[in-house]
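Written out below as structure tokens is the structure these notes cover.
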Amino acid sequence: MLRFRQPISLILLVFVVVLLRFESTLVGGQQQQQQQRGASFSERLALIQLRSSLGLRAKEWPIKSDPCLSWKGIQCVNGSVVGINISGFKRTRVGSQNPQFAVDSVLNLTHLASFNASFFPLPGSIPDWFGEKLGNLQVLDLSSCSIQGDIPFSLGNLTTLSTLILSQNSLKGVVPPTFGQLVHLSVLDLSQNSLSGPIPDSFSSLKNISFLDLSSNFLSGSIPPGIGILSNLRGLNFSNNGLSSDIPPQLGDLHGLVDLDLGFNSLGSTLPPDLTGLKSLRTMVLGNNRLSGPIPDAVFSGLTRLEVVVLSHNNFSGAVPNSLWSMPTLRVVDVSSNSFSGTLPKNTFSANATTAVFNLSNNNYYGGITSAFQRFGLIDLSGNYFEGKVPDFMRGISSLRANCLQNATDQRTQDDCASFYVSKGLVFNNFGLPGTNVTPTAGKVPPKHSHKRTIILGVILGGVGLVLLLLLLILLIICTQRKGRTRQIGNGVGPLPPSAAGPAAPGVSINIPGVGEGFTYEQLLQATGNFSDANLLKKGHSGDLYRGKLEGGIPVVIKKVNLNSERRESYLAELDFFSKVSHPRLVPLLGYCLEKENEKFLVYKYMPNGDLSGSLFRKVSTLDDGLQSLDWIT
């Protein structure tokens with residue numbers, strides 16, 4: 001009996017397994033049949049009307065087939081349309097002539113949960129009934145649809161929405177505060193529109209939001225601190241707006257945040273240290289704001305997952321945080337166009353070169369280039385004050401324009417570099433030229449007293465130079481006075497013996513070449529017969545007058561001035577007079593002789609009619625055939 005029981009039991013077990021499989025296949029087939037069941041008459045009619053109003057092609061929506069079974073982008077459940085996706089569809093030639101936001105037939109699709117018309121032109125505004133009639137809608141994607149006008153506040157009634165994307169349109173007006181009612185919203189993208197006004201404080205109620213993008217609008221005001229309590233947030237992008245005020249420290253509570261972009265705004269003040277709480281952050285973009293002050297190293301020391309850091313075009317000062325040199329995960333570091341200053345760290349953080357990018361351009365870093373950049377594959381140091389030689393590992397992977405480096409092109413001028421290093425209390429190495437001082441090694445700060453020594457040395461050298469300048473000036477004055485005296489007496493007479501240089505009268509400066517010819521004493525002796533008494537015409541109070549004849553028979557009158565009996569300056573005064581005055585009524589002065597020490601001679605043209613005094617006081621005589629005395633003399 002036992003032999004027959006075992007086969008029977010085995011047969012029963014196989015029969016039960018086959019029966020169960022048949023039952024599950026039957027149930028699955030029934031469910032699949034329900035999902036693939038054709039659209040109901042009312043919804044089929046609604047889809048046909050939508051096809052006509054949008055001008056869709058038969059290629060995607062063939063008119064003779066069932067929408068739920070063969071229309072592209074249509075999803076149905078139990079014959080009801082739950083999803084429409086016309087993203088990227090093209091209109092017919094007739095439908096392209098007058099495209100409009102004509103989707104009224106969607107009202108009849110009462111079970112619609114998803115509507116995606118991205119990159120399909122729907123010029124016009126979003127109708128208000130979207131938020132009033134489509135209560136089951138969970139996904140609404142109208143990005144790049146050429147939509148205009150304001151965002152209806154009624155969209156805040158779609159409390160089942162999990163995704164709302166309205167980016168890359170021409171929407172204007174404000175962001176509806178009613179969006180705070182969308183408590184199930186996970187993705188909100190309103191970027192690249194023309195929205196204005198503040199970011200609603202009601203956004204702090206979006207507890208399930210994971211991606212929030214309001215970038216590239218005209219939003220203003222401050223970032224609501226309540227954003228910091230959105231613990232599920234993974235991506236936050238408020239860039240390219242007009243946001244001002246400070247970065248709220250509450251953002252540091254977003255421990256799950258991966259991407260943060262607040263660039264191209266007007267955010268000010270300093271970087272809050274609380275941002276060190278962003279433990280999951282991989283991308284931080286804060287460039288093109290008005291942030292200032294030093295950055296505490298603690299801000300980045302805890303952000304061990306960072307890959308991209310952009311702090312460019314702000315006014316940060318102090319040194320670049322050490323963490324940004326050593327963090328191995330970094331791929332892009334852009335701290336350009338700030339006021340960062342200091343010398344580079346000397347540590348070699350990684351010997352293996354990578355494709356990472358470091359942009360330190362347009363700051364105030366100085367000193368030598370160290371191995372701190374050795375781990376980066378592309379480096380921009382232009383617009384700083386680095387000096388010294390360019391390391392071999394930098395060649396071909398770096399931009400070094402406008403620095404103070406040796407053997408590099410397009411560098412700053414010597415004056416620019418020298419003045420900068422003087423402002424730092426350092427000495428510029430003058431591009432490594434011989435005989436110049438060298439700046440201390442990069443990373444070392446010179447002693448504080450070096451600046452004082454420079455000042456003291458400058459004062460001493462300046463004082464010595466001033467004394468030498470004064471001595472030189474005094475010597476120049478003395479030489480000028482001596483030359484002046486010599487010129488007053490002997491200039492224009494030719495070389496005279498030392499005895500010819502008589503004393504000049506004080507205050508008398510004579511242009512000797514302008515008062516006639518210089519005669520030698522021998523010429524005058526020959527002309528007057530050794531000044532014989534026969535040639536004496538008159539003894540005057542300023543000198544004796546002698547008749548004479550020069551070589552060539554020219555008659556002259558020679559005045560002999562005895563300096564022992566006459567005033568020594570009398571002949572100089574006469575010379576000075578004739579050097580300045582020339583008149584036809586005055587006896588012309590032909591020349592002079594200044595060779596004798598105690599006797600000076602003036603040579604005049606001979607006047608045959610005598611002088612004025614002879615004519616005034618001459619006695620009348622019939623024997624005299626010359627000029628007669630003037631008859632009015634008494």
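Residues are named by chain letter and number: chains run A, B, ... in the order of the structure tokens, numbers start at 1 in each chain, and ligands are numbered from 1 in the order shown.
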
Exercise for review: Report as JSON, numbers by chain: the residues of range 19-199 of chain A with a DSSP assignment of strand (DSSP E), based on the backbone of this structure.
Suggested key: {"A": [74, 75, 76, 77, 80, 81, 82, 83, 84, 85, 114, 115, 116, 139, 140, 141, 148, 149, 150, 163, 164, 165, 170, 171, 172, 187, 188, 189, 196, 197]}

Practice item. Name the residues in contact with Cys145 in chain A at a cut-off of 10 Å, using only C-alpha atoms, excluding same-chain residues fewer than 3 positions from it; report them as a VMD selection string. Key: chain A and resid 87 to 88 101 117 to 124 141 to 142 148 166 to 170

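Minimum atom-to-atom distance to Arg91 in chain A, evaluated using only C-alpha atoms, belongs to A:Gly55 out of A:Gly55, A:Gly221, A:Pro198, A:Gly302.
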
Using only C-alpha atoms, what table do you get, as CSV, when you list each residue of range 300-391 of chain A with an atom no more than 9 Å from range 417-436 of chain A, its nearest pair of atoms, and their distance in Å rounded to one decimal, rows by chain then rising number?
```
residue,atom,partner,partner_atom,distance
A:Tyr366,CA,A:Tyr421,CA,8.4
A:Tyr385,CA,A:Cys417,CA,6.8
A:Glu387,CA,A:Phe431,CA,7.1
A:Gly388,CA,A:Phe431,CA,6.8
A:Lys389,CA,A:Gly432,CA,8.3
```

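When CA of Val285 in chain A is paired with CA of Ile151 in chain A, their separation reads 28.3 Å.
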
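Look at Leu45 in chain A: the protein and nucleic acid residues within 12 Å of it, using only C-alpha atoms and passing over chain neighbours fewer than 2 places away, are Ala39, Ser40, Phe41, Ser42, Glu43, Leu47, Ile48, Gln49, Leu50, Arg51, Ser52, Ile63, Asp66, Pro67, Val81, Ser105, Val106, Leu107, Asn108 and Leu109 of chain A.
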
Could you save the residues just selected, with N, CA and C atoms, as a PDB file, in the first residue's frame?
```pdb
ATOM      1  N   ALA A  39      -9.896  53.496 -25.493  1.00  0.00           N
ATOM      2  CA  ALA A  39     -10.399  54.678 -24.805  1.00  0.00           C
ATOM      3  C   ALA A  39     -11.911  54.727 -24.879  1.00  0.00           C
ATOM      4  N   SER A  40     -12.498  55.289 -23.855  1.00  0.00           N
ATOM      5  CA  SER A  40     -13.953  55.476 -23.855  1.00  0.00           C
ATOM      6  C   SER A  40     -14.312  56.481 -24.939  1.00  0.00           C
ATOM      7  N   PHE A  41     -15.596  56.494 -25.301  1.00  0.00           N
ATOM      8  CA  PHE A  41     -16.044  57.363 -26.385  1.00  0.00           C
ATOM      9  C   PHE A  41     -15.787  58.824 -26.063  1.00  0.00           C
ATOM     10  N   SER A  42     -16.101  59.251 -24.818  1.00  0.00           N
ATOM     11  CA  SER A  42     -15.960  60.666 -24.464  1.00  0.00           C
ATOM     12  C   SER A  42     -14.499  61.091 -24.475  1.00  0.00           C
ATOM     13  N   GLU A  43     -13.608  60.228 -23.988  1.00  0.00           N
ATOM     14  CA  GLU A  43     -12.200  60.617 -23.946  1.00  0.00           C
ATOM     15  C   GLU A  43     -11.562  60.517 -25.332  1.00  0.00           C
ATOM     16  N   LEU A  47      -9.673  63.636 -27.182  1.00  0.00           N
ATOM     17  CA  LEU A  47      -8.331  63.578 -27.760  1.00  0.00           C
ATOM     18  C   LEU A  47      -8.351  63.986 -29.241  1.00  0.00           C
ATOM     19  N   ILE A  48      -9.399  63.600 -29.941  1.00  0.00           N
ATOM     20  CA  ILE A  48      -9.502  64.005 -31.346  1.00  0.00           C
ATOM     21  C   ILE A  48      -9.623  65.525 -31.447  1.00  0.00           C
ATOM     22  N   GLN A  49     -10.421  66.123 -30.548  1.00  0.00           N
ATOM     23  CA  GLN A  49     -10.538  67.582 -30.546  1.00  0.00           C
ATOM     24  C   GLN A  49      -9.188  68.241 -30.215  1.00  0.00           C
ATOM     25  N   LEU A  50      -8.417  67.644 -29.271  1.00  0.00           N
ATOM     26  CA  LEU A  50      -7.102  68.183 -28.924  1.00  0.00           C
ATOM     27  C   LEU A  50      -6.148  68.073 -30.116  1.00  0.00           C
ATOM     28  N   ARG A  51      -6.275  66.923 -30.845  1.00  0.00           N
ATOM     29  CA  ARG A  51      -5.447  66.742 -32.035  1.00  0.00           C
ATOM     30  C   ARG A  51      -5.719  67.825 -33.063  1.00  0.00           C
ATOM     31  N   SER A  52      -6.987  68.181 -33.207  1.00  0.00           N
ATOM     32  CA  SER A  52      -7.369  69.187 -34.200  1.00  0.00           C
ATOM     33  C   SER A  52      -6.940  70.592 -33.770  1.00  0.00           C
ATOM     34  N   ILE A  63      -5.696  59.171 -37.010  1.00  0.00           N
ATOM     35  CA  ILE A  63      -7.091  59.409 -36.698  1.00  0.00           C
ATOM     36  C   ILE A  63      -7.917  58.124 -36.627  1.00  0.00           C
ATOM     37  N   ASP A  66      -7.139  53.580 -32.326  1.00  0.00           N
ATOM     38  CA  ASP A  66      -7.555  53.905 -30.961  1.00  0.00           C
ATOM     39  C   ASP A  66      -6.436  54.652 -30.244  1.00  0.00           C
ATOM     40  N   PRO A  67      -6.711  55.798 -29.592  1.00  0.00           N
ATOM     41  CA  PRO A  67      -5.663  56.588 -28.935  1.00  0.00           C
ATOM     42  C   PRO A  67      -4.920  55.822 -27.855  1.00  0.00           C
ATOM     43  N   VAL A  81      -7.689  58.215 -20.041  1.00  0.00           N
ATOM     44  CA  VAL A  81      -6.393  58.848 -20.336  1.00  0.00           C
ATOM     45  C   VAL A  81      -5.821  59.440 -19.045  1.00  0.00           C
ATOM     46  N   SER A 105     -10.090  71.001 -24.673  1.00  0.00           N
ATOM     47  CA  SER A 105     -10.671  69.651 -24.640  1.00  0.00           C
ATOM     48  C   SER A 105     -10.083  68.799 -23.520  1.00  0.00           C
ATOM     49  N   VAL A 106      -8.960  69.234 -22.940  1.00  0.00           N
ATOM     50  CA  VAL A 106      -8.360  68.490 -21.833  1.00  0.00           C
ATOM     51  C   VAL A 106      -9.302  68.476 -20.629  1.00  0.00           C
ATOM     52  N   LEU A 107     -10.210  69.430 -20.571  1.00  0.00           N
ATOM     53  CA  LEU A 107     -11.168  69.469 -19.465  1.00  0.00           C
ATOM     54  C   LEU A 107     -11.954  68.175 -19.335  1.00  0.00           C
ATOM     55  N   ASN A 108     -12.163  67.489 -20.448  1.00  0.00           N
ATOM     56  CA  ASN A 108     -12.950  66.262 -20.424  1.00  0.00           C
ATOM     57  C   ASN A 108     -12.134  65.038 -20.024  1.00  0.00           C
ATOM     58  N   LEU A 109     -10.848  65.210 -19.841  1.00  0.00           N
ATOM     59  CA  LEU A 109      -9.997  64.090 -19.411  1.00  0.00           C
ATOM     60  C   LEU A 109      -9.876  64.161 -17.897  1.00  0.00           C
TER      61      LEU A 109
END
```

Revision key, fill the gap. From CA of Val308 in chain A to CA of Gly287 in chain A the spacing works out at 11.8 Å

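Within range 152-307 of chain A, DSSP run on the backbone puts these residues in alpha helix (DSSP H): Ala298, Val299, Phe300 and Ser301 of chain A.
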
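Using only C-alpha atoms for every distance, the candidate list A:Gly318, A:Gly252, A:Gly548, A:Pro273 yields A:Gly548 as the residue closest to Gln523 in chain A.
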
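Residues in contact with Phe393 in chain A at up to 9 Å, not including ones fewer than 5 positions away on its chain and judged by only C-alpha atoms, are A:Ser371, A:Phe373, A:Gln374.
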
Prev. selection, N, CA and C atoms, output as a compact mmCIF listing (two decimals), in the first residue's frame:
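Output saved as part_38.txt:
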```
# COMPACT_ATOMS: atom_id res chain seq x y z
N SER A 371 55.01 74.70 -5.46
CA SER A 371 54.47 73.44 -5.96
C SER A 371 53.01 73.23 -5.58
N PHE A 373 50.51 74.26 -7.01
CA PHE A 373 49.70 74.08 -8.21
C PHE A 373 50.01 72.78 -8.95
N GLN A 374 50.86 71.98 -8.39
CA GLN A 374 51.35 70.83 -9.13
C GLN A 374 50.27 69.80 -9.43
```

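Counting only C-alpha atoms, range 187-189 of chain A has the following residues at most 7 Å away, ignoring those fewer than 2 positions along the same chain: Ser162, Thr163, Leu164, Ile165, Leu166, Ser167, Leu185, Ser191, Ile209, Ser210, Phe211, Leu212, Asp213 and Leu214 of chain A.
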
Just to be explicit: take each residue in the selection above, keep C-alpha atoms, and write the result as a short mmCIF file (atom, residue, chain, number, x, y, z; two decimals), in the first residue's frame.
```cif
data_model
loop_
_atom_site.label_atom_id
_atom_site.label_comp_id
_atom_site.auth_asym_id
_atom_site.auth_seq_id
_atom_site.Cartn_x
_atom_site.Cartn_y
_atom_site.Cartn_z
CA SER A 162 4.76 66.69 -7.63
CA THR A 163 6.46 68.30 -10.66
CA LEU A 164 5.86 71.82 -12.04
CA ILE A 165 8.17 72.98 -14.82
CA LEU A 166 7.49 76.31 -16.55
CA SER A 167 11.07 77.22 -17.52
CA LEU A 185 5.78 69.29 -4.85
CA SER A 191 13.91 79.51 -14.55
CA ILE A 209 10.78 69.91 -2.48
CA SER A 210 14.05 68.42 -3.75
CA PHE A 211 14.82 70.68 -6.72
CA LEU A 212 14.08 74.44 -6.72
CA ASP A 213 15.20 76.58 -9.67
CA LEU A 214 14.22 80.25 -9.98
#
```

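Going from CA of Lys133 in chain A to CA of Trp71 in chain A covers 24.3 Å.
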